[in-house]
Every structure is written in structure tokens, then in C-alpha cells.
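Below: one structure, written as C-alpha cells.
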Amino acid sequence: GAAAPMEELLALQAELAKVQEAPSAFKLSEPNIVEIVSTLCEAGLLEVLFTTNGKEYLTPTQLRNEVEDEIVAHGGRINVVELPTILNVDLPHVERAVESLFREGRDGLQRVGGELITDYYLDSLAEEVEASLRGSGRITLSELAVQYTLSTDFIRNVIEARLGSLIHARLSSGTLFTPAYVARHTARVRGVLSALTRPVSLPAVAKTHGFNEGLFFDAVTELHASGRAPGVLLAKNSFTPAVHKATQASTVASFLDQNGVVSYSALAKMNVRDPRAYLESEHPGGIALPTCYIKPALVASAEAAVEEALGGTGPGLVDVRGCFDCTLAEEDVTALCQRPGGGVAGALAG
């Protein structure tokens, strides 16, 4: 059974110890020791690994412990190919020891390229990044990748896993920003938006003022949602400040009051979407014609002129377009003449 080989091993160990303690005349020579160890290994009673110089033996467990010690000694990060020289053991033996450590799953050990990296190394990396941020306010993932000779994607995963704990910053468009930097940036964005008086392209604003694009759009969204940047925001495309809408409304109302009529094309140039619907909503009671919006009073005045021209004392002929104080397109005049129940149509019919 299994007890017999174990008993043999213990007996051999005791005999070996006894011989080694004996006077030098009775001690085993190095070739004898090598032969005994080889015999034990071949019999399956002993598992040892030979060092590269062949003068020492160590067990797989000891090698695993020494590999782990070296990882610790190197701060939690070491290239696998460095270990054979340090430990005086062939690479295949080292690889098996590493696999044993992986199976144990201690310290979050992982292989990145040819390197062994632990969680405590990555935590120290994060602490260094936090310290750097306090000095600079911002740092890019690509800069960190170069600094630590790791891929940008790997660095991103490391950073994202530690945001809010070891790293107090915002990650936007591949760059880390401290809260203080974000606050200053947001204040600048608010200043720019507050100065706007007309609709703008947001990408163009970001480029003109040299804003970080990701942080800029975050700031715009935040400012708009909180009411600190009132207006109309269309995704990441455009922003129309509230002051523009107020100015726009005032300009349209003033023009309509002075002239009694306003063309849809004039409103389109003022960036009014769907001018006809806008006028019907903001200035109800007017008459929507094919190309313009006209006040009833202006139409009533023209109707009176038409009736007078066609009355008993009039010439009997009338140029309807000439009865208006403003210039109307032919299709607008036609629409007025054909308008059911309209005074112009009634006067012509009469």
C-alpha cells in the first residue's frame, strides 16, 4: 500500500542523516548522494528539481515559494524570463511553479504579456496616478501606458476598476481629470455658453476654445440639465441659447406689428423652424398664406379698397395687389381671393 513506500523513505532519510552525522571517513561522497537521490526519484519516492548547475536540489513547493518571494521582492511585477537566472532553475520548472500560483489565485496574480503582475502592484500604480493627478490636474491613458509600459486598454481597465476608491477623478475621452479641473473646465464652458446670442455648432465651439471634447459635452449636458445654461440642446450637435429665442420672438413681433405681414423666408433666415407653425402658435389670429403670414387688419383695409373700387362710384376695375400696403406674391393674392368667406373674395364675387 501507500504506507510501505513512505516507511522506506523515512528509513532512508534516517540512514542518510545518521551517515551525515558520522565522522568524515564514513560520510557519503557527492556522487553517492547524487546516485541515492536519483534512485529515490526513479522509484517515485522523492520529487525534486535540479538547479541549472546540478549542485543543488529543491522541491516543487520550494520553487513555488521562491517564485512568490521574488514577485514580492520586485513589488508585485516581474518578467517570467528573469526568474530562471535569479533562481538558478530552468524556465520549464519556473513555468510550472507559476501555473501553481495561478491555480491558487493569490494576490490577483495575472500574466500580462510576459510579465507576472499582482493586484497590490496595480493598487500602487493607481496610488501613483492619484499623486500625479494632484499635481497636474489631468493625465491621458496613453501617457500612463508609455510610463508603465502597458497597453492602453489594460491601463483603462486598471483605472476604471479603481475610480472612486484609489483614484478620485473623472475619465473622459481617454483622459483623467481631477474634480477641481472639471469644475474649472465647467465654469469656462458656462462662460462661453452664457455669451452666446445665436444657435451654434457644439463641435465648432469645442474646437474654437480648445476644450477637451468629451469633457465639454459632459459639461454642456450637465449645465443644460441643471438650468444653468437655458436653451435648446440637440444632442451633441447644436445649442440655441434661450436669449436667442427671446430676441427672435421680440424681433418677429416687432416686425409683424410694424408691417402687418412677415414672410416665412425671413423667419427661416432667423433659424426659426417651421415658420408657419411658429407664427400660428405665437401670433394666433393672423392669416397664413402660401409665402407669408398677414394680419387681418391689413386684409380688411385691402377689402375696403376693393369694395370701393368695385362700388357704384368706383371705376369697376381693380388691381387687388395694389390695394395692399405691402408687396404680396401673386400666389398669396390668389389665395386671398379664393379664401372661402374672405372679404376680398366676396367683394370680387359681388
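Residue numbers start at 1 in each chain; chains themselves are named A, B, ... in the order of the C-alpha cells; ligands are numbered from 1 in the order shown.
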Helix (DSSP H, G or I) positions in range 104-251 of chain A, given as an MDAnalysis selection string: chainID A and resid 104 106:108 119:136 141:147 152:162 179:194 202:209 213:225 242:251
Residues within 12 Å of Ile117 in chain A, only C-alpha atoms, excluding chain neighbours under 5 positions, as a ChimeraX atom specification: /A:68,70-72,74-80,98,101-102,106-112,122-125,150,154,158
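One distance worth recording is that between CA of His168 in chain A and CA of Tyr181 in chain A, which is 11.7 Å.
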For CA of Lys295 in chain A and CA of Ala266 in chain A, the interatomic separation in Å (one decimal): 16.2 Å
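One distance worth recording is that between CA of Arg156 in chain A and CA of Arg138 in chain A, which is 14.7 Å.
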Long-range neighbours of Ile294 in chain A as a list in words, 8 Å cut-off, only C-alpha atoms, 3 positions minimum in chain: Gly260, Val261, Val262, Gly286, Ile287, Ala288, Leu289, Leu298 and Val299 of chain A
How about saving the chosen residues, N, CA and C atoms kept, as a PDB file, in the first residue's frame?
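Everything below was put into part_8.pdb:
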```
ATOM      1  N   GLY A 260     -47.461  94.423 -40.469  1.00  0.00           N
ATOM      2  CA  GLY A 260     -48.716  93.685 -40.641  1.00  0.00           C
ATOM      3  C   GLY A 260     -48.557  92.373 -41.385  1.00  0.00           C
ATOM      4  N   VAL A 261     -47.361  92.110 -41.843  1.00  0.00           N
ATOM      5  CA  VAL A 261     -47.114  90.889 -42.612  1.00  0.00           C
ATOM      6  C   VAL A 261     -45.628  90.509 -42.470  1.00  0.00           C
ATOM      7  N   VAL A 262     -45.360  89.203 -42.489  1.00  0.00           N
ATOM      8  CA  VAL A 262     -43.976  88.739 -42.421  1.00  0.00           C
ATOM      9  C   VAL A 262     -43.846  87.478 -43.271  1.00  0.00           C
ATOM     10  N   GLY A 286     -53.872  85.530 -37.131  1.00  0.00           N
ATOM     11  CA  GLY A 286     -53.451  86.002 -38.439  1.00  0.00           C
ATOM     12  C   GLY A 286     -53.888  85.043 -39.533  1.00  0.00           C
ATOM     13  N   ILE A 287     -53.577  85.396 -40.769  1.00  0.00           N
ATOM     14  CA  ILE A 287     -53.960  84.573 -41.914  1.00  0.00           C
ATOM     15  C   ILE A 287     -52.690  83.998 -42.539  1.00  0.00           C
ATOM     16  N   ALA A 288     -52.614  82.678 -42.586  1.00  0.00           N
ATOM     17  CA  ALA A 288     -51.434  82.017 -43.134  1.00  0.00           C
ATOM     18  C   ALA A 288     -51.618  81.843 -44.641  1.00  0.00           C
ATOM     19  N   LEU A 289     -50.801  82.535 -45.420  1.00  0.00           N
ATOM     20  CA  LEU A 289     -50.820  82.444 -46.882  1.00  0.00           C
ATOM     21  C   LEU A 289     -49.651  81.562 -47.341  1.00  0.00           C
ATOM     22  N   LEU A 298     -54.799  94.252 -42.009  1.00  0.00           N
ATOM     23  CA  LEU A 298     -54.234  94.618 -43.301  1.00  0.00           C
ATOM     24  C   LEU A 298     -55.127  94.105 -44.425  1.00  0.00           C
ATOM     25  N   VAL A 299     -55.669  92.919 -44.226  1.00  0.00           N
ATOM     26  CA  VAL A 299     -56.575  92.336 -45.227  1.00  0.00           C
ATOM     27  C   VAL A 299     -57.871  93.127 -45.269  1.00  0.00           C
TER      28      VAL A 299
END
```
When you look at Gly191 in chain A with a cut-off of 12 Å (counting only C-alpha atoms), what residues show up, excluding the ones that are within fewer than 4 positions of it in the same chain? I need them as a CSV table (one decimal) with all heavy atoms, in the first residue's frame.
```csv
chain,number,residue,atom,x,y,z
A,184,ARG,N,-13.3,73.8,-12.9
A,184,ARG,CA,-12.7,74.9,-13.7
A,184,ARG,C,-13.2,74.9,-15.1
A,184,ARG,O,-13.6,75.9,-15.7
A,184,ARG,CB,-11.2,75.0,-13.6
A,184,ARG,CG,-10.7,75.3,-12.2
A,184,ARG,CD,-9.2,75.7,-12.3
A,184,ARG,NE,-8.4,74.6,-12.8
A,184,ARG,CZ,-7.8,73.6,-12.1
A,184,ARG,NH1,-8.1,73.6,-10.7
A,184,ARG,NH2,-7.1,72.7,-12.6
A,185,HIS,N,-13.1,73.7,-15.7
A,185,HIS,CA,-13.5,73.5,-17.1
A,185,HIS,C,-15.0,73.8,-17.3
A,185,HIS,O,-15.4,74.5,-18.3
A,185,HIS,CB,-13.2,72.0,-17.5
A,185,HIS,CG,-13.5,71.7,-19.0
A,185,HIS,ND1,-14.7,71.4,-19.4
A,185,HIS,CD2,-12.6,71.7,-20.0
A,185,HIS,CE1,-14.7,71.2,-20.7
A,185,HIS,NE2,-13.4,71.4,-21.1
A,186,THR,N,-15.8,73.3,-16.4
A,186,THR,CA,-17.2,73.5,-16.5
A,186,THR,C,-17.6,75.0,-16.4
A,186,THR,O,-18.4,75.6,-17.1
A,186,THR,CB,-18.0,72.8,-15.4
A,186,THR,OG1,-17.7,71.4,-15.5
A,186,THR,CG2,-19.5,73.0,-15.5
A,187,ALA,N,-16.8,75.7,-15.5
A,187,ALA,CA,-17.0,77.2,-15.4
A,187,ALA,C,-16.7,77.9,-16.7
A,187,ALA,O,-17.4,78.8,-17.1
A,187,ALA,CB,-16.2,77.7,-14.2
A,195,ALA,N,-22.3,83.6,-23.1
A,195,ALA,CA,-22.1,84.7,-24.1
A,195,ALA,C,-22.7,84.5,-25.4
A,195,ALA,O,-22.7,85.5,-26.2
A,195,ALA,CB,-20.5,84.9,-24.2
A,196,LEU,N,-23.3,83.4,-25.7
A,196,LEU,CA,-23.9,83.1,-27.0
A,196,LEU,C,-25.2,83.9,-27.1
A,196,LEU,O,-26.0,84.0,-26.2
A,196,LEU,CB,-24.1,81.6,-27.1
A,196,LEU,CG,-22.9,80.7,-27.2
A,196,LEU,CD1,-23.3,79.2,-27.2
A,196,LEU,CD2,-22.0,81.0,-28.4
A,209,HIS,N,-12.5,76.9,-28.8
A,209,HIS,CA,-12.0,77.2,-27.5
A,209,HIS,C,-11.0,76.2,-26.9
A,209,HIS,O,-10.6,76.4,-25.7
A,209,HIS,CB,-13.2,77.4,-26.5
A,209,HIS,CG,-14.0,78.6,-26.9
A,209,HIS,ND1,-13.8,79.9,-26.5
A,209,HIS,CD2,-15.1,78.7,-27.7
A,209,HIS,CE1,-14.7,80.7,-26.9
A,209,HIS,NE2,-15.5,80.0,-27.7
A,219,ALA,N,-20.0,68.6,-19.8
A,219,ALA,CA,-20.3,69.9,-19.1
A,219,ALA,C,-21.6,70.6,-19.7
A,219,ALA,O,-22.4,71.1,-18.9
A,219,ALA,CB,-19.1,70.9,-19.2
A,220,VAL,N,-21.7,70.6,-21.0
A,220,VAL,CA,-22.9,71.2,-21.7
A,220,VAL,C,-24.1,70.5,-21.2
A,220,VAL,O,-25.1,71.1,-20.9
A,220,VAL,CB,-22.7,71.1,-23.2
A,220,VAL,CG1,-24.1,71.5,-23.9
A,220,VAL,CG2,-21.6,72.0,-23.7
A,223,LEU,N,-24.8,71.4,-17.5
A,223,LEU,CA,-25.3,72.8,-17.4
A,223,LEU,C,-26.7,73.0,-17.9
A,223,LEU,O,-27.5,73.7,-17.3
A,223,LEU,CB,-24.3,73.7,-18.1
A,223,LEU,CG,-22.9,73.8,-17.5
A,223,LEU,CD1,-22.0,74.5,-18.5
A,223,LEU,CD2,-23.0,74.6,-16.2
A,228,ARG,N,-28.6,75.9,-15.7
A,228,ARG,CA,-27.5,76.9,-15.7
A,228,ARG,C,-27.2,77.4,-17.1
A,228,ARG,O,-26.4,78.4,-17.3
A,228,ARG,CB,-26.3,76.5,-14.9
A,228,ARG,CG,-26.5,76.4,-13.4
A,228,ARG,CD,-25.3,75.9,-12.7
A,228,ARG,NE,-25.0,74.5,-13.0
A,228,ARG,CZ,-23.8,74.0,-12.7
A,228,ARG,NH1,-22.8,74.7,-12.2
A,228,ARG,NH2,-23.6,72.7,-13.0
A,229,ALA,N,-27.6,76.6,-18.1
A,229,ALA,CA,-27.4,77.0,-19.5
A,229,ALA,C,-28.7,76.8,-20.2
A,229,ALA,O,-28.9,75.9,-21.0
A,229,ALA,CB,-26.3,76.2,-20.1
```
Selection near Ala246 in chain A, 12 Å with only C-alpha atoms, sequence-local residues under 4 positions removed, as a ChimeraX atom specification: /A:197-198,230-231,240-242,250-253,272
Dump all heavy atoms for the selected residues as a tab-separated table (two decimals), in the first residue's frame?
```tsv
chain	number	residue	atom	x	y	z
A	197	THR	N	-25.45	84.35	-28.35
A	197	THR	CA	-26.72	85.04	-28.65
A	197	THR	C	-27.45	84.41	-29.82
A	197	THR	O	-28.53	84.85	-30.18
A	197	THR	CB	-26.45	86.52	-28.98
A	197	THR	OG1	-25.54	86.59	-30.10
A	197	THR	CG2	-25.86	87.24	-27.78
A	198	ARG	N	-26.84	83.37	-30.39
A	198	ARG	CA	-27.47	82.71	-31.55
A	198	ARG	C	-27.13	81.22	-31.53
A	198	ARG	O	-26.23	80.80	-30.79
A	198	ARG	CB	-26.96	83.35	-32.85
A	198	ARG	CG	-25.47	83.27	-33.01
A	198	ARG	CD	-24.98	83.95	-34.28
A	198	ARG	NE	-23.53	83.86	-34.41
A	198	ARG	CZ	-22.88	82.80	-34.86
A	198	ARG	NH1	-23.56	81.71	-35.22
A	198	ARG	NH2	-21.57	82.79	-34.97
A	230	PRO	N	-29.68	77.76	-19.99
A	230	PRO	CA	-31.01	77.63	-20.59
A	230	PRO	C	-30.97	77.77	-22.10
A	230	PRO	O	-30.20	78.55	-22.65
A	230	PRO	CB	-31.79	78.78	-19.94
A	230	PRO	CG	-30.75	79.78	-19.56
A	230	PRO	CD	-29.54	78.99	-19.19
A	231	GLY	N	-31.78	76.96	-22.74
A	231	GLY	CA	-31.83	76.99	-24.20
A	231	GLY	C	-32.28	75.65	-24.73
A	231	GLY	O	-32.80	74.81	-23.98
A	240	THR	N	-29.04	76.22	-28.88
A	240	THR	CA	-29.66	77.52	-29.12
A	240	THR	C	-29.95	78.16	-27.78
A	240	THR	O	-30.79	77.67	-27.01
A	240	THR	CB	-30.98	77.36	-29.91
A	240	THR	OG1	-30.72	76.70	-31.15
A	240	THR	CG2	-31.60	78.73	-30.19
A	241	PRO	N	-29.24	79.24	-27.44
A	241	PRO	CA	-29.44	79.87	-26.12
A	241	PRO	C	-30.84	80.46	-25.99
A	241	PRO	O	-31.44	80.90	-26.98
A	241	PRO	CB	-28.36	80.94	-26.09
A	241	PRO	CG	-28.07	81.25	-27.52
A	241	PRO	CD	-28.25	79.96	-28.26
A	242	ALA	N	-31.36	80.46	-24.76
A	242	ALA	CA	-32.70	80.99	-24.51
A	242	ALA	C	-32.78	82.46	-24.92
A	242	ALA	O	-33.83	82.92	-25.41
A	242	ALA	CB	-33.04	80.84	-23.03
A	250	SER	N	-38.97	88.64	-30.01
A	250	SER	CA	-39.16	90.09	-29.96
A	250	SER	C	-39.03	90.71	-31.36
A	250	SER	O	-39.82	91.59	-31.74
A	250	SER	CB	-38.10	90.70	-29.03
A	250	SER	OG	-38.16	92.10	-29.06
A	251	THR	N	-38.07	90.23	-32.13
A	251	THR	CA	-37.85	90.75	-33.48
A	251	THR	C	-39.03	90.46	-34.39
A	251	THR	O	-39.51	91.33	-35.14
A	251	THR	CB	-36.57	90.14	-34.08
A	251	THR	OG1	-35.46	90.45	-33.24
A	251	THR	CG2	-36.31	90.68	-35.48
A	252	VAL	N	-39.53	89.23	-34.32
A	252	VAL	CA	-40.67	88.83	-35.16
A	252	VAL	C	-41.91	89.63	-34.79
A	252	VAL	O	-42.62	90.14	-35.67
A	252	VAL	CB	-40.95	87.32	-35.02
A	252	VAL	CG1	-42.25	86.94	-35.75
A	252	VAL	CG2	-39.79	86.50	-35.59
A	253	ALA	N	-42.17	89.76	-33.48
A	253	ALA	CA	-43.36	90.50	-33.02
A	253	ALA	C	-43.29	91.96	-33.46
A	253	ALA	O	-44.30	92.53	-33.93
A	253	ALA	CB	-43.46	90.41	-31.51
A	272	VAL	N	-35.69	80.07	-37.50
A	272	VAL	CA	-36.97	79.62	-36.94
A	272	VAL	C	-37.38	78.35	-37.68
A	272	VAL	O	-37.51	78.35	-38.91
A	272	VAL	CB	-38.07	80.69	-37.09
A	272	VAL	CG1	-39.42	80.14	-36.64
A	272	VAL	CG2	-37.71	81.94	-36.31
```
Contacts of range 332-335 of chain A at 7 Å (only C-alpha atoms; same-chain gap of 4+ positions) as a PyMOL selection string: chain A and resi 289-291+321+328+339
Write a file of the selected residues as a PDB file, in the first residue's frame, keeping N, CA and C atoms.
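Dumped everything to again.pdb:
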```pdb
ATOM      1  N   LEU A 289     -50.801  82.535 -45.420  1.00  0.00           N
ATOM      2  CA  LEU A 289     -50.820  82.444 -46.882  1.00  0.00           C
ATOM      3  C   LEU A 289     -49.651  81.562 -47.341  1.00  0.00           C
ATOM      4  N   PRO A 290     -49.574  81.246 -48.615  1.00  0.00           N
ATOM      5  CA  PRO A 290     -48.509  80.347 -49.100  1.00  0.00           C
ATOM      6  C   PRO A 290     -47.091  80.794 -48.744  1.00  0.00           C
ATOM      7  N   THR A 291     -46.769  82.090 -48.815  1.00  0.00           N
ATOM      8  CA  THR A 291     -45.387  82.532 -48.573  1.00  0.00           C
ATOM      9  C   THR A 291     -45.260  83.483 -47.391  1.00  0.00           C
ATOM     10  N   ARG A 321     -53.728  93.417 -55.907  1.00  0.00           N
ATOM     11  CA  ARG A 321     -52.401  93.502 -55.282  1.00  0.00           C
ATOM     12  C   ARG A 321     -52.087  94.928 -54.859  1.00  0.00           C
ATOM     13  N   LEU A 328     -47.217  91.705 -52.005  1.00  0.00           N
ATOM     14  CA  LEU A 328     -47.564  90.295 -51.832  1.00  0.00           C
ATOM     15  C   LEU A 328     -47.223  89.515 -53.086  1.00  0.00           C
ATOM     16  N   ARG A 339     -60.115  82.613 -50.823  1.00  0.00           N
ATOM     17  CA  ARG A 339     -60.379  82.204 -49.463  1.00  0.00           C
ATOM     18  C   ARG A 339     -61.869  82.196 -49.180  1.00  0.00           C
TER      19      ARG A 339
END
```
Shell around range 214-218 of chain A at 12 Å using only C-alpha atoms, local window under 5 positions removed, as a PyMOL selection string: chain A and resi 138+170-179+181-190+192-193+201-209+223-225+233-239
Per-residue DSSP, range 41-286 of chain A, filtered to strand (DSSP E), as a VMD selection string: chain A and resid 49 to 50 57 to 58 77 to 79 110 to 112 115 to 117 138 to 140 170 to 172 175 to 177 200 to 201 231 to 234 238 to 241 261 to 263
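Proximity ranking of A:Glu95, A:Glu213, A:Glu307, A:Glu330 relative to Val67 in chain A places A:Glu95 first, based on only C-alpha atoms.
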